[in-house]
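One file, my_file33.csv, carrying CSV, C-alpha atoms:
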chain,number,residue,atom,x,y,z
A,21,MET,CA,-63.8,-11.9,-25.4
A,22,ASP,CA,-66.4,-14.4,-26.4
A,23,HIS,CA,-67.2,-15.1,-22.8
A,24,ILE,CA,-67.7,-11.4,-22.2
A,25,GLY,CA,-70.1,-11.3,-25.2
A,26,VAL,CA,-72.2,-14.1,-23.7
A,27,ILE,CA,-72.4,-12.3,-20.3
A,28,TRP,CA,-73.3,-9.0,-22.0
A,29,ARG,CA,-76.1,-10.7,-24.0
A,30,ASP,CA,-77.5,-12.5,-20.9
A,31,ILE,CA,-77.6,-9.2,-18.9
A,32,ARG,CA,-79.2,-7.3,-21.7
A,33,LYS,CA,-81.8,-10.0,-22.1
A,34,LEU,CA,-82.5,-9.9,-18.3
A,35,ALA,CA,-82.8,-6.1,-18.5
A,36,ILE,CA,-85.3,-6.3,-21.3
A,37,LEU,CA,-87.4,-9.1,-19.8
A,38,GLU,CA,-87.5,-7.8,-16.2
A,39,LEU,CA,-87.5,-4.0,-16.7
A,40,LEU,CA,-88.1,-2.9,-20.3
A,41,SER,CA,-90.5,-5.4,-22.0
A,42,ASN,CA,-94.0,-4.2,-22.8
A,43,ALA,CA,-95.4,-6.6,-20.2
A,44,ARG,CA,-93.1,-5.3,-17.5
A,45,LEU,CA,-93.7,-1.7,-18.4
A,46,GLU,CA,-97.4,-2.3,-18.0
A,47,LYS,CA,-96.8,-3.6,-14.5
A,48,LEU,CA,-94.7,-0.5,-13.7
A,49,LYS,CA,-97.3,1.9,-15.2
A,50,HIS,CA,-98.3,3.0,-11.7
A,51,VAL,CA,-94.7,4.1,-11.0
A,52,ARG,CA,-94.6,6.3,-14.1
A,53,VAL,CA,-98.0,7.9,-13.4
A,54,SER,CA,-97.2,8.4,-9.7
A,55,GLU,CA,-93.9,10.3,-10.4
A,56,VAL,CA,-95.4,12.5,-13.1
A,57,GLU,CA,-98.4,13.2,-11.0
A,58,THR,CA,-96.2,14.2,-8.1
A,59,GLY,CA,-94.2,16.5,-10.4
A,60,VAL,CA,-97.3,18.1,-11.8
A,61,ARG,CA,-98.8,18.5,-8.3
A,62,ASN,CA,-95.6,20.4,-7.2
A,63,LEU,CA,-96.0,22.7,-10.2
A,64,TYR,CA,-99.7,23.3,-9.3
A,65,VAL,CA,-98.7,24.2,-5.7
A,66,LEU,CA,-96.1,26.6,-6.9
A,67,CYS,CA,-98.7,28.3,-9.2
A,68,THR,CA,-101.4,28.5,-6.5
A,69,ASN,CA,-99.0,29.9,-3.9
A,70,GLY,CA,-98.5,33.0,-6.1
A,71,ARG,CA,-101.1,35.8,-6.2
A,72,THR,CA,-101.4,35.6,-10.0
A,73,GLY,CA,-101.8,31.8,-10.2
A,74,SER,CA,-98.5,31.5,-12.0
A,75,THR,CA,-94.8,30.7,-11.4
A,76,VAL,CA,-91.4,30.6,-13.0
A,77,VAL,CA,-89.8,27.1,-13.1
A,78,ASP,CA,-86.4,25.6,-14.1
A,79,MET,CA,-87.9,22.9,-16.4
A,80,ASP,CA,-84.6,21.1,-16.9
A,81,HIS,CA,-84.4,20.5,-13.2
A,82,TRP,CA,-88.1,19.5,-13.1
A,83,PHE,CA,-87.6,16.9,-15.9
A,84,SER,CA,-84.4,15.6,-14.3
A,85,ASN,CA,-86.0,15.1,-10.9
A,86,ILE,CA,-89.0,13.1,-12.4
A,87,THR,CA,-86.8,10.8,-14.5
A,88,MET,CA,-84.3,10.3,-11.7
A,89,ASN,CA,-86.9,9.2,-9.2
A,90,LEU,CA,-88.7,7.2,-11.8
A,91,MET,CA,-85.6,5.2,-12.8
A,92,ILE,CA,-84.5,4.6,-9.2
A,93,ARG,CA,-87.9,3.3,-8.3
A,94,MET,CA,-88.0,1.0,-11.3
A,95,ILE,CA,-84.6,-0.4,-10.6
A,96,ALA,CA,-84.0,-0.1,-6.9
A,97,GLY,CA,-87.6,-0.1,-5.7
A,98,LYS,CA,-87.2,3.2,-3.8
A,99,ALA,CA,-87.2,7.0,-4.2
A,100,LEU,CA,-84.8,9.6,-2.9
A,101,ILE,CA,-86.7,11.3,-0.2
A,102,LYS,CA,-84.2,13.9,1.1
A,103,ASP,CA,-83.7,16.9,-1.1
A,104,GLU,CA,-79.9,16.9,-0.4
A,105,GLU,CA,-79.7,13.2,-1.5
A,106,SER,CA,-81.6,14.0,-4.7
A,107,GLU,CA,-79.4,17.0,-5.5
A,108,ARG,CA,-76.2,15.0,-4.8
A,109,PHE,CA,-77.3,12.1,-7.0
A,110,CYS,CA,-78.5,14.3,-9.8
A,111,ARG,CA,-75.3,16.3,-9.7
A,112,ALA,CA,-73.2,13.1,-9.8
A,113,THR,CA,-75.1,11.8,-12.9
A,114,LYS,CA,-74.6,15.1,-14.7
A,115,ASN,CA,-70.9,15.1,-13.9
A,116,PHE,CA,-70.7,11.5,-15.1
A,117,MET,CA,-72.2,12.4,-18.5
A,118,HIS,CA,-70.0,15.5,-18.8
A,119,LEU,CA,-66.8,13.6,-18.0
A,120,LEU,CA,-67.6,11.0,-20.6
A,121,GLY,CA,-67.1,13.6,-23.3
A,122,VAL,CA,-64.2,15.7,-22.1
A,123,LEU,CA,-61.0,15.9,-24.0
A,124,VAL,CA,-58.2,14.5,-21.7
A,125,ILE,CA,-54.7,15.6,-22.6
A,126,SER,CA,-53.1,12.4,-21.2
A,127,ASP,CA,-55.0,10.4,-23.7
A,128,LEU,CA,-53.2,12.3,-26.5
A,129,ILE,CA,-49.8,12.6,-24.7
A,130,PRO,CA,-49.1,9.2,-22.9
A,131,GLY,CA,-47.0,9.5,-19.7
A,132,THR,CA,-48.7,12.7,-18.4
A,133,GLU,CA,-51.5,10.9,-16.5
A,134,TRP,CA,-49.8,11.6,-13.1
A,135,LEU,CA,-49.9,15.4,-13.8
A,136,ASP,CA,-53.7,15.5,-14.1
A,137,LEU,CA,-53.3,18.9,-15.8
A,138,GLN,CA,-57.0,19.5,-16.2
A,139,GLY,CA,-58.2,18.0,-13.0
A,140,HIS,CA,-60.4,15.5,-14.8
A,141,ALA,CA,-58.9,12.4,-13.1
A,142,ARG,CA,-59.7,13.9,-9.7
A,143,SER,CA,-63.3,14.8,-10.9
A,144,MET,CA,-63.8,11.3,-12.2
A,145,LYS,CA,-62.7,9.7,-8.9
A,146,ARG,CA,-65.0,12.0,-6.9
A,147,THR,CA,-67.9,11.3,-9.2
A,148,ALA,CA,-67.3,7.6,-9.1
A,149,LYS,CA,-67.2,7.7,-5.3
A,150,ASP,CA,-70.5,9.6,-5.2
A,151,MET,CA,-72.2,7.2,-7.6
A,152,ASP,CA,-70.8,4.2,-5.8
A,153,TYR,CA,-72.1,5.6,-2.5
A,154,PHE,CA,-75.7,5.4,-3.6
A,155,ILE,CA,-75.6,2.2,-5.7
A,156,SER,CA,-73.7,0.2,-3.0
A,157,ARG,CA,-76.1,1.2,-0.4
A,158,TRP,CA,-79.1,0.1,-2.4
A,159,VAL,CA,-77.5,-3.3,-3.3
A,160,GLU,CA,-76.5,-3.8,0.3
A,161,GLU,CA,-80.1,-3.1,1.5
A,162,HIS,CA,-81.3,-5.7,-1.0
A,163,LEU,CA,-78.7,-8.3,0.2
A,164,HIS,CA,-79.6,-7.7,3.9
A,165,ARG,CA,-83.3,-8.1,3.1
A,166,ARG,CA,-82.6,-11.4,1.3
A,167,GLU,CA,-80.5,-12.7,4.2
A,168,ASP,CA,-83.3,-11.9,6.6
A,169,GLY,CA,-85.8,-13.7,4.4
A,170,GLN,CA,-87.8,-10.5,3.7
A,171,GLU,CA,-88.8,-11.2,0.1
A,172,LYS,CA,-90.7,-8.4,-1.8
A,173,GLU,CA,-94.1,-9.2,-3.1
A,174,GLU,CA,-93.1,-7.4,-6.3
A,175,PRO,CA,-89.3,-7.7,-6.8
A,176,ASP,CA,-87.5,-4.8,-8.4
A,177,PHE,CA,-84.7,-5.1,-11.0
A,178,ILE,CA,-81.9,-5.4,-8.4
A,179,ASP,CA,-83.8,-8.2,-6.7
A,180,VAL,CA,-84.0,-10.1,-10.0
A,181,MET,CA,-80.3,-9.6,-10.8
A,182,LEU,CA,-79.2,-10.8,-7.4
A,183,SER,CA,-81.4,-13.9,-7.8
A,184,SER,CA,-80.1,-14.6,-11.3
A,185,LEU,CA,-76.5,-14.3,-10.3
A,186,ALA,CA,-76.9,-16.0,-6.9
A,187,ASN,CA,-74.7,-18.9,-7.9
A,188,GLU,CA,-72.0,-16.8,-9.5
A,189,ASP,CA,-69.4,-15.3,-7.1
A,190,TRP,CA,-67.2,-13.9,-9.9
A,191,ILE,CA,-68.1,-12.8,-13.4
A,192,CYS,CA,-65.3,-11.8,-15.9
A,193,GLY,CA,-63.0,-11.1,-13.0
A,194,HIS,CA,-65.5,-9.0,-11.1
A,195,LYS,CA,-67.6,-9.9,-8.0
A,196,SER,CA,-71.2,-10.5,-8.9
A,197,GLU,CA,-72.3,-7.6,-6.7
A,198,THR,CA,-70.1,-5.3,-8.7
A,199,VAL,CA,-71.8,-6.5,-12.0
A,200,VAL,CA,-75.2,-5.8,-10.4
A,201,LYS,CA,-74.0,-2.3,-9.3
A,202,ALA,CA,-72.6,-1.5,-12.7
A,203,THR,CA,-75.7,-2.7,-14.6
A,204,ALA,CA,-78.0,-0.8,-12.3
A,205,MET,CA,-75.9,2.4,-12.6
A,206,ASN,CA,-75.8,2.2,-16.4
A,207,LEU,CA,-79.6,1.7,-16.6
A,208,ILE,CA,-80.4,4.6,-14.3
A,209,ILE,CA,-78.0,7.0,-16.0
A,210,ALA,CA,-79.0,6.0,-19.5
A,211,GLY,CA,-82.7,6.3,-18.8
A,212,MET,CA,-82.5,9.4,-16.7
A,213,ASP,CA,-80.3,11.8,-18.8
A,214,THR,CA,-81.5,10.8,-22.2
A,215,THR,CA,-85.2,11.2,-21.4
A,216,SER,CA,-84.9,14.5,-19.4
A,217,GLY,CA,-82.6,15.9,-22.1
A,218,ALA,CA,-85.0,15.1,-24.9
A,219,MET,CA,-87.9,16.7,-23.0
A,220,THR,CA,-85.9,19.8,-22.3
A,221,TRP,CA,-85.3,20.2,-26.0
A,222,ALA,CA,-89.0,19.4,-26.8
A,223,LEU,CA,-90.4,22.0,-24.5
A,224,SER,CA,-87.8,24.6,-25.7
A,225,LEU,CA,-88.9,23.9,-29.3
A,226,VAL,CA,-92.6,24.2,-28.4
A,227,LEU,CA,-92.0,27.5,-26.5
A,228,ASN,CA,-90.2,28.9,-29.6
A,229,HIS,CA,-93.1,27.8,-31.8
A,230,PRO,CA,-96.4,29.1,-30.2
A,231,GLU,CA,-98.5,27.7,-33.1
A,232,VAL,CA,-97.2,24.2,-32.3
A,233,LEU,CA,-98.0,24.7,-28.6
A,234,LYS,CA,-101.5,25.8,-29.4
A,235,GLN,CA,-102.2,23.0,-31.8
A,236,ALA,CA,-100.9,20.4,-29.3
A,237,GLN,CA,-103.1,21.8,-26.4
A,238,GLU,CA,-106.1,21.9,-28.7
A,239,GLU,CA,-105.6,18.3,-29.7
A,240,ILE,CA,-105.4,17.2,-26.0
A,241,ASP,CA,-108.5,19.3,-25.1
A,242,ASN,CA,-110.5,17.9,-28.1
A,243,HIS,CA,-109.7,14.2,-27.4
A,244,VAL,CA,-109.4,14.2,-23.6
A,245,GLY,CA,-111.3,17.3,-22.4
A,246,ARG,CA,-110.9,19.2,-19.1
A,247,GLU,CA,-112.7,16.7,-16.8
A,248,ARG,CA,-109.7,14.4,-16.4
A,249,TRP,CA,-106.0,14.2,-16.9
A,250,VAL,CA,-104.5,12.8,-20.2
A,251,GLU,CA,-103.4,9.2,-19.8
A,252,GLU,CA,-101.1,6.8,-21.6
A,253,SER,CA,-104.2,5.1,-23.1
A,254,ASP,CA,-105.0,8.4,-24.9
A,255,PHE,CA,-101.7,8.5,-26.9
A,256,ASN,CA,-103.0,6.7,-29.9
A,257,ASN,CA,-105.6,9.5,-30.3
A,258,LEU,CA,-102.9,12.2,-30.0
A,259,PRO,CA,-100.8,11.9,-33.2
A,260,TYR,CA,-99.6,15.5,-33.1
A,261,LEU,CA,-98.2,15.1,-29.5
A,262,GLN,CA,-96.3,12.0,-30.7
A,263,ALA,CA,-95.1,13.9,-33.8
A,264,ILE,CA,-93.7,16.6,-31.5
A,265,VAL,CA,-91.6,14.0,-29.6
A,266,LYS,CA,-90.5,12.3,-32.9
A,267,GLU,CA,-89.5,15.6,-34.5
A,268,THR,CA,-87.6,16.6,-31.3
A,269,LEU,CA,-85.7,13.3,-31.5
A,270,ARG,CA,-84.9,13.9,-35.2
A,271,LEU,CA,-83.4,17.3,-34.5
A,272,TYR,CA,-81.8,16.4,-31.2
A,273,PRO,CA,-81.1,12.7,-30.8
A,274,SER,CA,-79.8,11.8,-27.4
A,275,GLY,CA,-76.8,10.1,-28.9
A,276,PRO,CA,-75.9,12.0,-32.1
A,277,LEU,CA,-73.0,9.6,-32.8
A,278,SER,CA,-74.8,6.6,-31.3
A,279,VAL,CA,-72.7,4.3,-29.1
A,280,PRO,CA,-69.2,3.3,-30.4
A,281,ARG,CA,-69.1,-0.2,-31.9
A,282,GLU,CA,-66.2,-2.4,-32.9
A,283,ALA,CA,-65.9,-4.5,-36.1
A,284,MET,CA,-65.5,-8.1,-35.0
A,285,GLU,CA,-64.1,-9.2,-38.3
A,286,ASP,CA,-62.7,-7.8,-41.6
A,287,CYS,CA,-65.5,-6.6,-43.9
A,288,ASN,CA,-66.4,-4.3,-46.8
A,289,VAL,CA,-69.0,-1.6,-46.3
A,290,GLY,CA,-70.0,0.7,-49.2
A,291,GLY,CA,-66.8,0.0,-51.0
A,292,PHE,CA,-64.6,0.7,-48.0
A,293,TYR,CA,-62.4,-2.0,-46.4
A,294,VAL,CA,-63.0,-2.1,-42.6
A,295,PRO,CA,-60.4,-4.2,-40.7
A,296,LYS,CA,-61.3,-6.2,-37.6
A,297,GLY,CA,-61.0,-4.0,-34.5
A,298,THR,CA,-62.0,-0.8,-36.2
A,299,ARG,CA,-64.0,1.6,-33.9
A,300,LEU,CA,-67.2,2.5,-35.7
A,301,LEU,CA,-69.5,5.5,-35.1
A,302,VAL,CA,-72.9,6.1,-36.8
A,303,ASN,CA,-73.6,9.8,-37.5
A,304,ILE,CA,-77.3,9.8,-36.6
A,305,TRP,CA,-77.3,13.6,-36.5
A,306,LYS,CA,-76.3,13.7,-40.2
A,307,LEU,CA,-78.9,11.1,-41.2
A,308,HIS,CA,-81.6,13.1,-39.5
A,309,ARG,CA,-80.7,16.3,-41.2
A,310,ASP,CA,-80.0,14.9,-44.7
A,311,PRO,CA,-81.7,17.3,-47.2
A,312,ARG,CA,-82.1,14.4,-49.6
A,313,ILE,CA,-84.6,12.8,-47.2
A,314,TRP,CA,-86.0,15.7,-45.1
A,315,ARG,CA,-87.5,18.9,-46.6
A,316,ASN,CA,-86.0,21.9,-44.7
A,317,PRO,CA,-84.2,19.5,-42.4
A,318,ASN,CA,-83.0,22.1,-39.8
A,319,GLU,CA,-86.6,23.4,-39.2
A,320,PHE,CA,-88.9,22.2,-36.4
A,321,HIS,CA,-91.9,20.8,-38.3
A,322,PRO,CA,-93.8,18.1,-36.4
A,323,GLU,CA,-96.3,17.8,-39.2
A,324,ARG,CA,-93.7,15.9,-41.2
A,325,PHE,CA,-94.4,12.8,-39.0
A,326,LEU,CA,-98.2,12.9,-39.6
A,327,ALA,CA,-99.8,10.6,-42.2
A,328,CYS,CA,-100.7,13.5,-44.4
A,329,GLU,CA,-97.0,14.4,-44.8
A,330,GLY,CA,-95.9,10.9,-45.7
A,331,HIS,CA,-93.3,10.3,-43.0
A,332,GLU,CA,-94.9,7.8,-40.7
A,333,PHE,CA,-91.6,6.7,-39.4
A,334,ASP,CA,-91.5,4.7,-36.2
A,335,VAL,CA,-88.8,5.3,-33.6
A,336,ARG,CA,-87.7,1.7,-33.5
A,337,GLY,CA,-85.1,1.9,-36.2
A,338,GLN,CA,-87.0,0.1,-39.0
A,339,ASN,CA,-86.4,3.1,-41.3
A,340,PHE,CA,-82.7,3.9,-41.6
A,341,GLU,CA,-83.4,7.5,-42.4
A,342,TYR,CA,-84.7,7.9,-38.8
A,343,ILE,CA,-83.0,6.0,-36.0
A,344,PRO,CA,-83.1,8.1,-32.8
A,345,PHE,CA,-82.5,5.0,-30.7
A,346,SER,CA,-80.1,3.4,-33.1
A,347,SER,CA,-81.1,0.2,-35.0
A,348,GLY,CA,-80.7,-3.6,-35.0
A,349,ARG,CA,-80.0,-6.0,-32.2
A,350,ARG,CA,-77.9,-3.5,-30.3
A,351,ALA,CA,-80.5,-0.6,-30.5
A,352,CYS,CA,-81.4,1.0,-27.2
A,353,PRO,CA,-83.5,-1.5,-25.2
A,354,GLY,CA,-85.4,1.3,-23.5
A,355,ILE,CA,-87.3,2.6,-26.6
A,356,SER,CA,-90.8,1.8,-25.3
A,357,SER,CA,-90.0,3.1,-21.8
A,358,GLY,CA,-88.5,6.3,-23.0
A,359,MET,CA,-91.4,7.1,-25.4
A,360,LYS,CA,-94.0,6.4,-22.7
A,361,ILE,CA,-92.3,8.6,-20.1
A,362,SER,CA,-91.6,11.4,-22.6
A,363,CYS,CA,-95.1,11.5,-24.0
A,364,LEU,CA,-96.7,11.4,-20.5
A,365,MET,CA,-94.5,14.2,-19.1
A,366,LEU,CA,-95.0,16.5,-22.1
A,367,ALA,CA,-98.8,15.7,-22.3
A,368,ARG,CA,-99.4,16.5,-18.7
A,369,ILE,CA,-97.5,19.8,-18.9
A,370,LEU,CA,-99.4,20.9,-22.0
A,371,HIS,CA,-102.7,19.7,-20.6
A,372,GLY,CA,-102.4,21.4,-17.2
A,373,PHE,CA,-100.6,24.7,-17.8
A,374,ASN,CA,-100.2,27.6,-20.1
A,375,LEU,CA,-96.6,28.2,-20.9
A,376,ARG,CA,-94.3,30.9,-22.2
A,377,THR,CA,-90.8,32.2,-21.5
A,378,PRO,CA,-90.6,34.8,-18.6
A,379,THR,CA,-89.8,37.7,-20.9
A,380,ASN,CA,-91.5,36.3,-24.0
A,381,ALA,CA,-88.0,36.1,-25.6
A,382,PRO,CA,-87.1,32.9,-27.6
A,383,VAL,CA,-85.4,30.1,-25.6
A,384,ASP,CA,-81.6,30.0,-26.2
A,385,MET,CA,-81.1,26.8,-28.2
A,386,SER,CA,-77.3,26.7,-27.8
A,387,GLU,CA,-75.9,23.1,-27.7
A,388,GLY,CA,-73.6,21.8,-25.1
A,389,LEU,CA,-70.5,19.6,-25.6
A,390,GLY,CA,-70.4,15.9,-24.8
A,391,PRO,CA,-71.5,12.5,-26.0
A,392,GLN,CA,-75.1,13.4,-25.4
A,393,TYR,CA,-77.1,16.2,-27.2
A,394,LEU,CA,-77.9,18.4,-24.2
A,395,LYS,CA,-78.7,22.1,-24.0
A,396,GLN,CA,-75.8,24.4,-23.0
A,397,HIS,CA,-77.9,26.6,-20.8
A,398,HIS,CA,-80.9,25.9,-18.4
A,399,TYR,CA,-84.0,27.8,-19.2
A,400,MET,CA,-86.9,29.1,-17.1
A,401,SER,CA,-90.5,28.7,-18.1
A,402,PHE,CA,-93.5,30.9,-17.0
A,403,LEU,CA,-96.3,28.5,-16.1
A,404,SER,CA,-99.9,29.5,-15.3
A,405,LEU,CA,-102.9,27.3,-14.6
A,406,VAL,CA,-105.2,26.6,-17.5

Whole structure, structure tokens version:
Amino acid sequence: MDHIGVIWRDIRKLAILELLSNARLEKLKHVRVSEVETGVRNLYVLCTNGRTGSTVVDMDHWFSNITMNLMIRMIAGKALIKDEESERFCRATKNFMHLLGVLVISDLIPGTEWLDLQGHARSMKRTAKDMDYFISRWVEEHLHRREDGQEKEEPDFIDVMLSSLANEDWICGHKSETVVKATAMNLIIAGMDTTSGAMTWALSLVLNHPEVLKQAQEEIDNHVGRERWVEESDFNNLPYLQAIVKETLRLYPSGPLSVPREAMEDCNVGGFYVPKGTRLLVNIWKLHRDPRIWRNPNEFHPERFLACEGHEFDVRGQNFEYIPFSSGRRACPGISSGMKISCLMLARILHGFNLRTPTNAPVDMSEGLGPQYLKQHHYMSFLSLV
């Protein structure tokens, strides 16, 4: 167990240094900008193709496509070109996240696994096969390129992992290539679904609160203008935009119960005895809606995160009242990456388009089931050029 802990720490450190550190994120800035610009350009084309300069778009699908291609480019150094490939991978990741949270009867009634009464085992095998198809192909491409001596000028994360584990054939009973595939898959899925899910909630909330939409667009127009697109360097001058993202993460944290932890030794917490081996869950949803801390906690009120309201909480877990990415040494390592991508996508949408629901009816805010806080239903947005 100790050996596994060391391996886990080494891989986490590698992921932070080579993919998620501020220095690395700055080097990868062109990837973020490129993918968001491509997505916005596609929306612009859809609008201009219509007679009225407007279009109706499935924004959940739009956010998912951008974050998917972005994460794959950052980790595997390539983008999914074919539409059918993109759809297959996106469907596999969504199935993966859904299956993580399903109730499996055989877990409750041992000995019934072979029956597969709900069909979940079959779905899990099919999803695992789909995921492995893509990840294996990317890793094999990297291995063949290394064998041929074709080194990249700017290595991607898979390149770095293969180099770091070059002298390790087996790690904790698994081939080193398997560890590379598992790490790459975890990073892609974690970065893709959490970010796109949060932005789907954010835009839904903004559409249901026109006054917030108007204020955010006015802030961008006042500080950036109409002569150029909003950039990451503008974010420090856009506190209301950041407040919208923070308030969204307060109401709808990507992991409402965080990630399960295990007590490594006997301890006492708040007067309760917690024996070694206990599985622990942190109820982030409850913390973020505690009326003792937040006034009208169930209401969407971005102003609470502005200096004038007194809640200048950062998202990095330094204030235990607000920990959307968890806290401590095992907090989400992708905080900076997630915030940069989220703010850029939302800012570009608000800057370039007028938005409303197709029928002017409120967006359905029903919540789905699973370990992530995702919307139950997709929603369409009516976009027109500013």

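Using all atoms listed in the file, the smallest distance between any of A:Ile240, A:Leu405, A:Val122, A:Met219 and Leu258 of chain A comes from A:Ile240.
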
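Taking atom CA of Thr87 of chain A as the reference point, atom CA of Tyr260 of chain A is found at 23.1 Å.
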
Would you pick out the contacts of segment 265-272 of chain A at 9 Å or less, using only C-alpha atoms, so that residues sharing its chain but fewer than 3 positions from it are not included, and give the list as a PyMOL selection string? chain A and resi 218-219+221-222+225+260-262+275-276+304-305+307-309+317-325+333-335+342-345+359+362-363+366+393-394

Item to check | Near-Arg368 of chain A list (10 Å; only C-alpha atoms; drop same-chain fewer than 6 positions) as a ChimeraX atom specification | outcome: /A:56-57,59-60,240,249-251

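Take the candidates A:Lys172, A:His162, A:Lys201, A:Lys114 and check each one against Met144 of chain A using only C-alpha atoms; the shortest distance goes to A:Lys114.
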
If we count only C-alpha atoms, what is near Ile125 of chain A at a cut-off of 9 Å, once residues fewer than 3 positions away on the same chain are taken out, given as a short mmCIF file (atom, residue, chain, number, x, y, z; two decimals) with C-alpha atoms, keeping the file's coordinate frame?
data_model
loop_
_atom_site.label_atom_id
_atom_site.label_comp_id
_atom_site.auth_asym_id
_atom_site.auth_seq_id
_atom_site.Cartn_x
_atom_site.Cartn_y
_atom_site.Cartn_z
CA LEU A 128 -53.20 12.30 -26.50
CA ILE A 129 -49.80 12.60 -24.70
CA PRO A 130 -49.10 9.20 -22.90
CA THR A 132 -48.70 12.70 -18.40
CA GLU A 133 -51.50 10.90 -16.50
CA ASP A 136 -53.70 15.50 -14.10
CA LEU A 137 -53.30 18.90 -15.80
CA GLN A 138 -57.00 19.50 -16.20
#

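With distances restricted to only C-alpha atoms, A:Tyr64 is the closest residue to Val77 of chain A from A:Tyr64, A:Arg246, A:Asn89, A:Trp134.
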
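Checking A:Met151, A:Val232, A:Cys287, A:Ala35 one by one against Leu370 of chain A, counting only C-alpha atoms, you find the shortest gap at A:Val232.
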
re atom CA of Trp158 of chain A and atom CA of Glu104 of chain A: distance 16.9 Å

Worksheet entry | Arg32 of chain A environment, 12 Å, only C-alpha atoms, sequence neighbours closer than 3 positions dropped, as a ChimeraX atom specification | /A:25-29,35-41,181,203-204,206-207,349-354

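As for atom CA of Ser143 of chain A and atom CA of Leu120 of chain A, they are spaced 11.3 Å apart.
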
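Among the candidates A:Asn374, A:Thr68, A:Ser356, A:Thr75, the one nearest to Arg44 of chain A when counting only C-alpha atoms is A:Ser356.
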